[in-house]
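K.L.:
Compact mmCIF, C-alpha atoms, saved as protein_24.txt, coming up:
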```
# COMPACT_ATOMS: atom_id res chain seq x y z
CA MET V 136 99.20 152.34 25.60
CA ILE V 137 101.53 152.93 28.50
CA PRO V 138 104.10 150.13 28.86
CA LEU V 139 102.93 147.40 31.24
CA SER V 140 104.41 143.98 31.85
CA LEU V 141 102.15 140.97 31.74
CA GLY V 142 102.68 140.56 35.45
CA GLU V 143 101.51 144.12 36.06
CA ILE V 144 98.45 143.59 33.87
CA ALA V 145 97.59 140.40 35.75
CA ALA V 146 97.83 142.23 39.05
CA VAL V 147 95.53 145.01 37.80
CA VAL V 148 92.83 142.69 36.44
CA GLY V 149 93.09 139.89 38.98
CA GLY V 150 94.31 137.30 36.47
CA THR V 151 97.09 134.75 36.28
CA VAL V 152 99.99 134.69 33.84
CA GLU V 153 100.55 131.71 31.57
CA GLY V 154 103.99 132.16 30.04
CA ASP V 155 106.57 134.88 30.52
CA GLY V 156 105.22 137.51 32.91
CA ALA V 157 108.09 139.86 32.09
CA VAL V 158 106.82 140.40 28.53
CA THR V 159 105.88 144.08 28.20
CA VAL V 160 102.90 145.38 26.25
CA THR V 161 103.69 148.72 24.61
CA ALA V 162 101.06 149.02 21.84
CA PRO V 163 97.24 149.14 21.78
CA ALA V 164 94.85 146.28 22.47
CA VAL V 165 92.86 144.79 19.56
CA LEU V 166 90.07 142.26 19.03
CA ASP V 167 91.10 141.39 15.47
CA GLY V 168 94.44 139.61 15.36
CA ARG V 169 95.10 141.01 11.89
CA GLN V 170 95.10 144.51 13.35
CA ALA V 171 97.69 143.81 16.05
CA GLU V 172 100.71 146.11 16.21
CA PRO V 173 104.24 145.26 17.32
CA GLY V 174 104.18 145.13 21.11
CA GLY V 175 100.39 144.95 21.21
CA LEU V 176 97.85 143.05 23.29
CA PHE V 177 95.35 140.67 21.66
CA VAL V 178 92.04 140.44 23.53
CA ALA V 179 90.46 137.02 22.98
CA PHE V 180 86.74 136.45 23.49
CA ALA V 181 85.20 132.97 23.24
CA GLY V 182 82.04 133.64 21.27
CA GLU V 183 79.15 131.40 20.29
CA HIS V 184 80.48 130.88 16.78
CA VAL V 185 84.10 132.11 16.88
CA ASP V 186 86.70 131.63 19.59
CA GLY V 187 89.24 134.46 19.55
CA HIS V 188 91.81 132.31 21.34
CA ASP V 189 92.21 130.32 18.13
CA TYR V 190 93.61 133.44 16.47
CA ALA V 191 96.41 134.13 18.94
CA ASP V 192 99.04 132.87 16.49
CA GLN V 193 97.67 135.21 13.82
CA ALA V 194 97.90 138.11 16.27
CA GLY V 195 101.44 137.09 17.13
CA ARG V 196 102.47 137.11 13.47
CA ALA V 197 101.07 140.63 13.19
CA GLY V 198 103.13 141.77 16.20
CA ALA V 199 101.11 141.09 19.35
CA VAL V 200 103.29 139.99 22.25
CA ALA V 201 100.59 138.85 24.66
CA VAL V 202 96.93 137.85 25.04
CA LEU V 203 94.19 138.74 27.50
CA GLY V 204 91.80 135.79 27.49
CA SER V 205 89.92 133.15 29.42
CA ARG V 206 92.35 130.27 28.68
CA PRO V 207 96.04 129.89 27.79
CA THR V 208 97.21 130.47 24.21
CA PRO V 209 100.52 129.99 22.36
CA LEU V 210 101.41 133.58 23.32
CA PRO V 211 102.06 134.68 26.91
CA THR V 212 98.55 135.12 28.29
CA VAL V 213 96.81 136.78 31.22
CA VAL V 214 94.00 134.36 32.02
CA VAL V 215 90.83 135.77 33.63
CA ASP V 216 87.31 134.55 34.27
CA ASP V 217 85.61 137.53 32.59
CA VAL V 218 87.51 139.02 29.65
CA ARG V 219 85.16 142.00 29.22
CA ALA V 220 85.44 143.00 32.87
CA ALA V 221 89.21 142.60 32.75
CA LEU V 222 89.46 144.74 29.60
CA GLN V 223 87.42 147.47 31.25
CA THR V 224 89.44 147.32 34.47
CA LEU V 225 92.71 147.57 32.56
CA ALA V 226 91.44 150.54 30.54
CA ALA V 227 90.28 152.37 33.65
CA HIS V 228 93.67 151.77 35.25
CA VAL V 229 95.61 153.11 32.26
CA VAL V 230 93.55 156.30 31.96
CA ALA V 231 93.69 156.87 35.73
CA ARG V 232 97.49 156.71 35.51
CA LEU V 233 97.42 159.43 32.84
CA ARG V 234 94.66 161.59 34.22
CA GLY V 235 96.77 164.48 35.46
CA GLY V 236 97.68 165.62 31.96
CA LEU V 237 94.64 164.29 30.11
CA THR V 238 91.30 165.94 29.29
CA VAL V 239 88.55 163.38 28.70
CA VAL V 240 85.54 164.25 26.52
CA GLY V 241 82.49 161.98 26.45
CA LEU V 242 79.98 162.48 23.63
CA THR V 243 76.52 161.00 23.05
CA GLY V 244 73.31 161.64 21.13
CA SER V 245 70.69 159.85 19.08
CA GLN V 246 72.29 160.98 15.83
CA GLY V 247 75.38 162.85 14.74
CA LYS V 248 77.67 161.25 17.34
CA THR V 249 80.32 159.96 15.00
CA GLY V 250 80.40 163.01 12.73
CA THR V 251 80.66 165.40 15.67
CA LYS V 252 83.28 163.19 17.29
CA ASP V 253 85.30 163.34 14.07
CA LEU V 254 85.04 167.14 13.97
CA LEU V 255 85.99 167.50 17.63
CA ALA V 256 88.93 165.14 17.24
CA ALA V 257 90.20 167.26 14.35
CA VAL V 258 89.87 170.43 16.43
CA LEU V 259 91.58 169.02 19.51
CA SER V 260 94.33 167.42 17.41
CA SER V 261 95.27 170.91 16.28
CA ALA V 262 95.90 171.79 19.94
CA GLY V 263 97.62 168.64 21.15
CA PRO V 264 97.97 164.85 20.75
CA THR V 265 94.45 163.40 20.64
CA ILE V 266 93.02 159.90 20.78
CA ALA V 267 89.41 159.45 19.62
CA THR V 268 87.00 156.62 19.00
CA ILE V 269 87.62 154.97 15.64
CA GLY V 270 84.42 154.87 13.61
CA SER V 271 81.60 154.24 16.05
CA LEU V 272 83.18 151.74 18.45
CA ASN V 273 81.15 153.28 21.25
CA ASN V 274 80.01 150.40 23.47
CA GLU V 275 81.29 148.51 26.51
CA ILE V 276 84.06 146.97 24.40
CA GLY V 277 84.87 149.81 22.02
CA VAL V 278 85.26 152.46 24.71
CA PRO V 279 87.91 150.58 26.72
CA LEU V 280 89.77 149.69 23.53
CA THR V 281 89.92 153.41 22.72
CA MET V 282 91.05 154.21 26.24
CA LEU V 283 93.91 151.74 25.88
CA ARG V 284 95.26 153.66 22.87
CA THR V 285 96.28 156.54 25.16
CA ASP V 286 99.84 157.01 26.32
CA ALA V 287 101.91 159.57 28.20
CA ALA V 288 101.86 161.99 25.25
CA THR V 289 98.06 162.04 24.92
CA ARG V 290 96.49 165.35 25.88
CA TYR V 291 92.88 164.78 24.79
CA LEU V 292 90.77 161.62 24.84
CA VAL V 293 87.47 161.80 22.91
CA LEU V 294 85.07 158.95 23.64
CA GLU V 295 81.89 158.45 21.66
CA MET V 296 79.41 156.72 23.99
CA GLY V 297 76.38 154.83 22.70
CA ALA V 298 73.49 153.23 24.53
CA ARG V 299 70.79 150.67 23.84
CA HIS V 300 69.55 150.45 27.40
CA ILE V 301 69.32 152.65 30.46
CA GLY V 302 72.52 152.15 32.42
CA ASP V 303 74.82 151.60 29.43
CA ILE V 304 76.38 155.08 29.54
CA ALA V 305 76.56 154.99 33.34
CA GLU V 306 78.64 151.83 32.97
CA LEU V 307 81.01 153.69 30.64
CA THR V 308 81.34 156.78 32.84
CA GLY V 309 82.08 154.36 35.66
CA LEU V 310 85.24 153.47 33.76
CA VAL V 311 86.20 157.09 33.14
CA ALA V 312 84.36 160.16 34.38
CA PRO V 313 84.56 162.75 31.58
CA ASP V 314 85.82 166.26 32.13
CA ILE V 315 83.47 167.38 29.35
CA ALA V 316 80.11 165.73 28.59
CA VAL V 317 78.58 166.53 25.19
CA VAL V 318 74.91 165.66 24.53
CA LEU V 319 73.81 166.30 20.95
CA ASN V 320 70.13 165.38 20.88
CA VAL V 321 67.41 163.02 22.03
CA GLY V 322 65.90 161.38 18.97
CA GLN V 323 64.41 158.06 17.90
CA ALA V 324 67.49 155.87 17.50
CA HIS V 325 66.91 152.58 19.37
CA LEU V 326 63.37 153.67 20.25
CA GLY V 327 62.32 150.03 20.06
CA GLU V 328 64.86 149.18 22.78
CA PHE V 329 64.09 152.13 25.06
CA GLY V 330 60.33 152.34 24.56
CA SER V 331 60.05 156.15 24.73
CA ARG V 332 61.96 159.35 24.14
CA ALA V 333 61.79 160.04 27.87
CA ALA V 334 63.75 156.84 28.45
CA ILE V 335 66.25 157.83 25.77
CA ALA V 336 66.69 161.20 27.48
CA GLU V 337 67.28 159.45 30.79
CA ALA V 338 69.95 157.28 29.18
CA LYS V 339 71.71 160.21 27.50
CA GLY V 340 71.55 162.18 30.75
CA GLU V 341 73.74 159.55 32.39
CA LEU V 342 76.68 161.18 30.63
CA VAL V 343 76.03 164.48 32.40
CA ARG V 344 75.45 162.73 35.72
CA GLY V 345 78.78 160.94 35.24
CA LEU V 346 80.88 164.10 34.88
CA ALA V 347 84.06 164.39 36.89
CA PRO V 348 83.83 166.96 39.73
CA GLY V 349 83.87 170.43 38.19
CA GLY V 350 83.36 169.03 34.70
CA THR V 351 81.53 170.94 31.97
CA ALA V 352 78.30 169.87 30.27
CA VAL V 353 77.99 170.89 26.60
CA LEU V 354 74.32 170.79 25.61
CA ASN V 355 72.22 171.37 22.49
CA ALA V 356 70.27 174.60 23.00
CA ASP V 357 67.82 173.59 20.24
CA ASP V 358 66.64 170.37 21.94
CA PRO V 359 64.44 170.93 25.04
CA ARG V 360 65.15 167.43 26.38
CA VAL V 361 68.88 168.13 26.23
CA VAL V 362 68.65 171.64 27.69
CA ALA V 363 66.76 170.14 30.64
CA MET V 364 69.92 168.19 31.50
CA ARG V 365 71.29 171.38 33.07
CA ALA V 366 69.56 170.18 36.20
CA LEU V 367 71.74 167.06 36.31
CA THR V 368 74.97 168.92 37.12
CA ASP V 369 76.19 171.59 39.49
CA GLY V 370 79.12 172.34 37.22
CA PRO V 371 79.46 174.78 34.32
CA VAL V 372 77.28 174.41 31.22
CA LEU V 373 77.93 175.56 27.65
CA THR V 374 75.24 175.39 24.97
CA PHE V 375 75.39 175.31 21.18
CA GLY V 376 72.92 175.60 18.32
CA ARG V 377 70.79 178.09 16.44
CA ALA V 378 68.76 179.26 19.44
CA ASP V 379 69.17 182.90 20.51
CA HIS V 380 70.45 181.87 23.93
CA ALA V 381 73.10 179.41 22.68
CA ASP V 382 76.61 180.12 23.97
CA VAL V 383 78.03 179.02 20.61
CA ARG V 384 75.45 180.13 18.08
CA VAL V 385 75.13 179.26 14.40
CA LEU V 386 74.32 182.36 12.34
CA GLY V 387 73.97 183.09 8.63
CA LEU V 388 73.83 179.48 7.52
CA VAL V 389 74.00 179.06 3.73
CA LEU V 390 74.77 176.10 1.44
CA ASP V 391 76.93 176.09 -1.66
CA PRO V 392 75.90 174.26 -4.88
CA LEU V 393 77.36 171.01 -3.51
CA GLY V 394 75.30 171.31 -0.33
CA ARG V 395 78.23 172.29 1.90
CA PRO V 396 77.40 174.73 4.70
CA SER V 397 79.01 178.03 5.60
CA CYS V 398 78.05 179.97 8.71
CA THR V 399 79.33 182.18 11.48
CA LEU V 400 79.95 180.75 14.93
CA ARG V 401 79.33 183.44 17.53
CA THR V 402 80.14 183.50 21.22
CA ALA V 403 79.93 186.32 23.74
CA ASP V 404 83.54 187.22 22.93
CA ALA V 405 84.07 186.35 19.28
CA SER V 406 82.43 185.83 15.91
CA VAL V 407 84.24 183.67 13.36
CA PRO V 408 83.13 182.51 9.88
CA VAL V 409 83.62 178.88 8.89
CA ALA V 410 83.09 176.95 5.65
CA LEU V 411 82.69 173.22 6.14
CA PRO V 412 83.79 170.61 3.59
CA HIS V 413 80.88 168.27 4.36
CA VAL V 414 77.42 167.93 2.84
CA GLY V 415 74.32 168.98 4.75
CA ALA V 416 73.05 171.88 6.85
CA HIS V 417 73.10 169.61 9.90
CA GLN V 418 76.91 169.66 9.77
CA ALA V 419 76.81 173.29 10.97
CA LEU V 420 75.12 172.19 14.19
CA ASN V 421 77.70 169.43 14.61
CA ALA V 422 80.42 172.02 14.08
CA SER V 423 78.95 174.29 16.75
CA ALA V 424 78.91 171.33 19.16
CA ALA V 425 82.56 170.61 18.38
CA ALA V 426 83.48 174.28 18.84
CA ALA V 427 81.66 174.52 22.17
CA SER V 428 83.38 171.35 23.38
CA ALA V 429 86.73 172.72 22.28
CA LEU V 430 86.09 175.95 24.20
CA ALA V 431 85.37 173.87 27.28
CA ALA V 432 88.75 172.18 26.73
CA GLY V 433 90.54 175.53 26.52
CA VAL V 434 90.87 175.74 22.72
CA THR V 435 90.14 179.13 21.15
CA LEU V 436 87.30 179.65 18.67
CA ASP V 437 89.78 180.81 15.99
CA LEU V 438 91.78 177.59 16.29
CA ALA V 439 88.61 175.51 16.34
CA THR V 440 87.11 177.02 13.19
CA ALA V 441 90.40 176.71 11.30
CA ALA V 442 90.46 172.97 12.08
CA LEU V 443 86.77 172.52 11.24
CA ALA V 444 87.37 173.89 7.74
CA THR V 445 89.62 170.93 6.86
CA ALA V 446 88.24 168.14 9.08
CA SER V 447 87.31 164.78 7.59
CA LEU V 448 84.55 162.36 8.62
CA SER V 449 84.44 158.60 9.11
CA ARG V 450 83.48 156.62 6.01
CA TRP V 451 79.90 156.28 4.79
CA ARG V 452 78.75 159.51 6.48
CA MET V 453 77.45 161.74 3.67
CA GLU V 454 80.50 160.67 1.70
CA PRO V 455 80.37 162.33 -1.76
CA ARG V 456 81.68 160.70 -4.90
CA ASP V 457 81.39 161.48 -8.59
CA LEU V 458 80.32 158.43 -10.57
CA ALA V 459 81.42 157.38 -14.06
CA SER V 460 77.83 157.92 -15.18
CA GLY V 461 78.16 161.63 -14.43
CA ALA V 462 75.92 161.35 -11.37
CA ARG V 463 76.96 162.33 -7.86
CA LEU V 464 76.70 159.80 -5.02
CA LEU V 465 76.08 160.70 -1.37
CA ASN V 466 76.96 157.58 0.59
CA ASP V 467 75.33 157.87 4.02
CA SER V 468 74.88 154.14 4.42
CA TYR V 469 76.51 153.55 7.78
CA ASN V 470 73.32 153.86 9.82
CA ALA V 471 69.89 155.46 9.89
CA ASN V 472 66.95 156.49 12.03
CA PRO V 473 64.03 158.78 11.14
CA ASP V 474 65.73 161.99 12.27
CA SER V 475 69.06 161.29 10.58
CA THR V 476 67.28 160.18 7.41
CA ARG V 477 65.33 163.44 7.23
CA ALA V 478 68.59 165.36 7.68
CA ALA V 479 70.16 163.35 4.86
CA LEU V 480 67.15 164.01 2.63
CA ASP V 481 67.47 167.73 3.33
CA ALA V 482 71.10 167.49 2.26
CA LEU V 483 70.10 165.67 -0.92
CA ALA V 484 67.61 168.40 -1.77
CA ALA V 485 70.26 171.09 -1.24
CA VAL V 486 72.72 169.72 -3.79
CA GLU V 487 72.33 171.35 -7.19
CA GLY V 488 71.93 168.98 -10.10
CA GLY V 489 69.39 167.01 -12.07
CA ARG V 490 67.10 164.47 -10.47
CA ARG V 491 67.41 163.72 -6.78
CA ILE V 492 67.20 159.97 -6.17
CA ALA V 493 66.85 158.74 -2.59
CA VAL V 494 67.82 155.08 -2.18
CA LEU V 495 66.40 154.12 1.21
CA GLY V 496 66.41 150.85 3.16
CA GLU V 497 65.09 149.69 6.49
CA MET V 498 65.61 151.67 9.69
CA LEU V 499 66.03 149.16 12.50
CA GLU V 500 65.07 149.17 16.18
CA LEU V 501 62.04 151.46 15.95
CA GLY V 502 59.73 149.16 17.89
CA ASP V 503 55.97 149.15 17.51
CA ASP V 504 56.01 152.44 15.58
CA SER V 505 58.34 151.09 12.90
CA ALA V 506 55.83 150.89 10.04
CA ALA V 507 54.41 154.34 10.81
CA GLU V 508 57.88 155.88 11.08
CA HIS V 509 58.91 154.36 7.76
CA ARG V 510 55.75 155.75 6.12
CA ARG V 511 56.44 159.20 7.54
CA VAL V 512 59.98 159.09 6.20
CA GLY V 513 58.54 158.10 2.83
CA GLU V 514 56.23 161.11 2.88
CA TYR V 515 59.18 163.35 3.72
CA ALA V 516 61.33 161.74 1.04
CA ALA V 517 58.68 162.50 -1.56
CA SER V 518 59.02 166.19 -0.69
CA ARG V 519 62.79 166.10 -1.09
CA ALA V 520 63.51 163.64 -3.89
CA ASP V 521 62.27 163.10 -7.44
CA VAL V 522 62.55 159.33 -7.08
CA VAL V 523 62.41 157.30 -3.86
CA ALA V 524 63.99 153.89 -4.49
CA VAL V 525 62.96 151.61 -1.61
CA VAL V 526 65.17 148.56 -1.06
CA GLY V 527 63.85 145.42 0.60
CA GLU V 528 60.45 144.24 1.76
CA ALA V 529 61.04 145.47 5.33
CA ALA V 530 61.33 149.04 4.00
CA ARG V 531 58.13 148.85 1.90
CA PRO V 532 56.22 151.29 4.19
CA ILE V 533 58.59 154.00 2.92
CA ALA V 534 57.14 153.40 -0.53
CA ASP V 535 53.63 153.61 0.88
CA GLY V 536 54.46 157.07 2.18
CA ALA V 537 56.27 158.21 -0.94
CA GLY V 538 53.39 157.28 -3.22
CA GLN V 539 53.92 157.74 -6.95
CA ARG V 540 57.55 158.78 -6.51
CA ALA V 541 58.45 155.37 -5.10
CA VAL V 542 60.16 152.48 -6.86
CA VAL V 543 60.24 149.22 -4.86
CA LEU V 544 63.36 147.07 -5.34
CA ALA V 545 63.54 143.57 -3.92
CA ASP V 546 67.09 143.61 -2.61
CA ASN V 547 70.52 145.19 -2.97
CA ASP V 548 71.27 143.44 -6.25
CA ALA V 549 68.00 144.69 -7.72
CA ALA V 550 68.83 148.18 -6.49
CA VAL V 551 72.22 148.13 -8.19
CA ASP V 552 70.71 146.89 -11.43
CA TRP V 553 67.97 149.55 -11.40
CA LEU V 554 70.37 152.38 -10.57
CA ARG V 555 72.87 151.37 -13.24
CA GLU V 556 70.07 151.43 -15.80
CA HIS V 557 68.41 154.67 -14.71
CA ILE V 558 70.92 157.16 -13.26
CA THR V 559 72.49 159.62 -15.65
CA THR V 560 74.62 162.75 -15.81
CA GLY V 561 73.62 165.37 -13.26
CA ASP V 562 71.61 163.07 -10.99
CA VAL V 563 72.30 163.18 -7.26
CA VAL V 564 71.90 159.82 -5.51
CA LEU V 565 71.58 159.42 -1.73
CA VAL V 566 72.07 155.95 -0.21
CA LYS V 567 70.77 155.66 3.36
CA ALA V 568 69.64 152.84 5.70
CA SER V 569 70.47 151.15 8.97
CA ARG V 570 73.70 149.20 9.01
CA GLY V 571 71.87 145.88 8.92
CA ALA V 572 70.50 146.68 5.45
CA ARG V 573 74.07 146.81 4.09
CA LEU V 574 73.32 149.47 1.53
CA ASP V 575 77.05 150.24 1.56
CA GLU V 576 77.17 147.33 -0.90
CA VAL V 577 74.92 149.30 -3.26
CA ALA V 578 77.08 152.40 -2.93
CA ALA V 579 80.24 150.38 -3.53
CA ALA V 580 78.80 148.75 -6.64
CA LEU V 581 77.92 152.13 -8.12
CA ALA V 582 81.31 153.65 -7.37
```
Show me this structure written as structure tokens.
P.N.:
Amino acid sequence: MIPLSLGEIAAVVGGTVEGDGAVTVTAPAVLDGRQAEPGGLFVAFAGEHVDGHDYADQAGRAGAVAVLGSRPTPLPTVVVDDVRAALQTLAAHVVARLRGGLTVVGLTGSQGKTGTKDLLAAVLSSAGPTIATIGSLNNEIGVPLTMLRTDAATRYLVLEMGARHIGDIAELTGLVAPDIAVVLNVGQAHLGEFGSRAAIAEAKGELVRGLAPGGTAVLNADDPRVVAMRALTDGPVLTFGRADHADVRVLGLVLDPLGRPSCTLRTADASVPVALPHVGAHQALNASAAAASALAAGVTLDLATAALATASLSRWRMEPRDLASGARLLNDSYNANPDSTRAALDALAAVEGGRRIAVLGEMLELGDDSAAEHRRVGEYAASRADVVAVVGEAARPIADGAGQRAVVLADNDAAVDWLREHITTGDVVLVKASRGARLDEVAAALA
């Protein structure tokens, strides 16, 4: 974060200072006092069950020098009526101060956001100092917190932007208009909230509509709903994917015995091979999106592919691990929707080994079609896995679809017990569900 005194912060957000207004914030803002850095700002929200203001002392012990909150605390505090609005205003101010030397990339999609963001951050970091969303902190709080990690040295800012309602991404682009807008796909994530794919497409299109003047849209050539977003901008457009007309095209895709993809990324001017260290054919599409975005930012294809070959992903995204039993675990437990689950099942099927065991839990926020979507995923799982272990009563329709290949397990503890008893050397085990199912606990117990 750029250095700002408490008095300056108060002036920006329309707050009042309780304590020493000369105290200067020099480190990022945090919501968790334990994560505060020396010189940092602790942002205190008064929630229904937890009041962040009560943790100001904890933040101070960790290094925070000030608080942004709705009431005074033991640390010097900027007091405001609306902490969220103040946080957003401060973030917009900081990025606006840096904008002359900063390229801002906004990225959205129904699935693949975090993985593609990780790949793009790795590519841009090879070209200059880069700040990117940590994990998937992609909402109205996470985006401004990421923005506040920028400083005068930052050259690239990569912001993952999520949405649960129409207008959510427009709110985020109102804080910072991206120079590059990346739309990966329009799928079924949060279908229960949006009601239709058309509504999801409208929400994702807000990122393109929110481009800075002259900004570039980077669009998935394989998704007709995304390609149609060309009409939302008068600026330049780059496309990526396997389609013949893609500007960054994936060619010659093959998988190694561990399910890791190799391909050639081809543009009008260059053709460069790349081998990715991640599991799943879908990672090649994510890599093409990252490469196209990097080209829009002025990074060469050669530099991009070199960085892609060594990039790492956030945890619990097709995270491979060899187990003591001799089996191989694919931990993809961070989140799930029907499209991402099918991609994960394809990855499971591609890994050479013994039995393929798909451990699947509930996919949340699918609305009225939830039971049918779970059954369809079960049918697909039966074509990709030897055993479909279904965890929890809410996920039972997966078992209905998987038929005789299904094993129904009551809860996470039952899943751990069953897996410990049944997996053996050579098996490949995929763990996948929405975050609320907490199947990461199953993966952790096996590891």
K.L.:
Sorted by chain and rising residue number, list the residues of stretch 358-404 of chain V at most 10 Å from stretch 473-484 of chain V (counting all atoms listed in the file), each with its closest atom pair and distance in Å to one decimal, as JSON lines.
P.N.:
```
{"residue": "V:Leu390", "atom": "CA", "partner": "V:Ala482", "partner_atom": "CA", "distance": 9.4}
{"residue": "V:Leu393", "atom": "CA", "partner": "V:Ala482", "partner_atom": "CA", "distance": 9.2}
{"residue": "V:Gly394", "atom": "CA", "partner": "V:Ala482", "partner_atom": "CA", "distance": 6.2}
{"residue": "V:Arg395", "atom": "CA", "partner": "V:Ala482", "partner_atom": "CA", "distance": 8.6}
{"residue": "V:Pro396", "atom": "CA", "partner": "V:Ala482", "partner_atom": "CA", "distance": 9.9}
```
K.L.:
Can you work out which one of V:Ala221, V:Ala529, V:Leu367, V:Thr285 has the shortest atom-to-atom distance to V:Ala572, counting only C-alpha atoms?
P.N.:
V:Ala529
K.L.:
Using only C-alpha atoms, find all polymer residues with an atom at most 8 Å away from the point (63.4, 146.6, 5.9); report them as a list in words.
P.N.:
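Every polymer residue passing the test: Gly496, Glu497, Met498, Leu499, Val526, Gly527, Glu528, Ala529, Ala530, Arg531 and Ala572 of chain V.
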K.L.:
Tell me which protein, DNA and RNA residues are within 10 Å of V:Glu153, counting all atoms listed in the file, leaving out same-chain ones fewer than 4 positions away, and put them as a PyMOL selection string.
P.N.:
chain V and resi 141-142+201-202+206-214
K.L.:
Which residue, V:Ala516, V:Val543, V:Val230, V:Ala493, has the smallest gap to V:Lys567 when you use all atoms listed in the file?
P.N.:
V:Ala493
K.L.:
To one decimal in Å, tell me the separation between atom CA of V:Gly302 and atom CA of V:Leu319.
P.N.:
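For atom CA of V:Gly302 relative to atom CA of V:Leu319, the distance reads 18.3 Å.
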K.L.:
Please list as a ChimeraX atom specification every residue within 10 Å of V:His380, counting all atoms listed in the file and excluding residues in the same chain fewer than 5 positions away.
P.N.:
/V:356-357,374-375
K.L.:
Quick one, how far is atom CA of V:Ala363 from atom CA of V:Asp253?
P.N.:
25.8 Å
K.L.:
Could you jot down the atom CA of V:Leu176 to atom CA of V:Ala199 separation for me, Å, one decimal place?
P.N.:
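Going from atom CA of V:Leu176 over to atom CA of V:Ala199, I get 5.5 Å.
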K.L.:
Find the residues near V:Ala439: any atom within 8 Å, counting only C-alpha atoms, skip ones fewer than 6 places away on the same chain, and give them as a PyMOL selection string.
P.N.:
chain V and resi 258-259+426+429
K.L.:
Could you pull the residues within 12 Å of V:Asp391, counting all atoms listed in the file, minus those fewer than 5 positions along the same chain, as a PyMOL selection string?
P.N.:
chain V and resi 396-398+410-416+482+485-487
K.L.:
Extract, using only C-alpha atoms, all DNA, RNA and protein residues at most 10 Å from V:Ala197, discarding same-chain residues fewer than 2 positions from it, and format them as a PyMOL selection string.
P.N.:
chain V and resi 168-175+191-195+199-200
K.L.:
Nearest residue to V:Tyr190 out of V:Leu233, V:Val165, V:Leu501, V:Val551, using only C-alpha atoms?
P.N.:
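The closest residue to V:Tyr190 is V:Val165.
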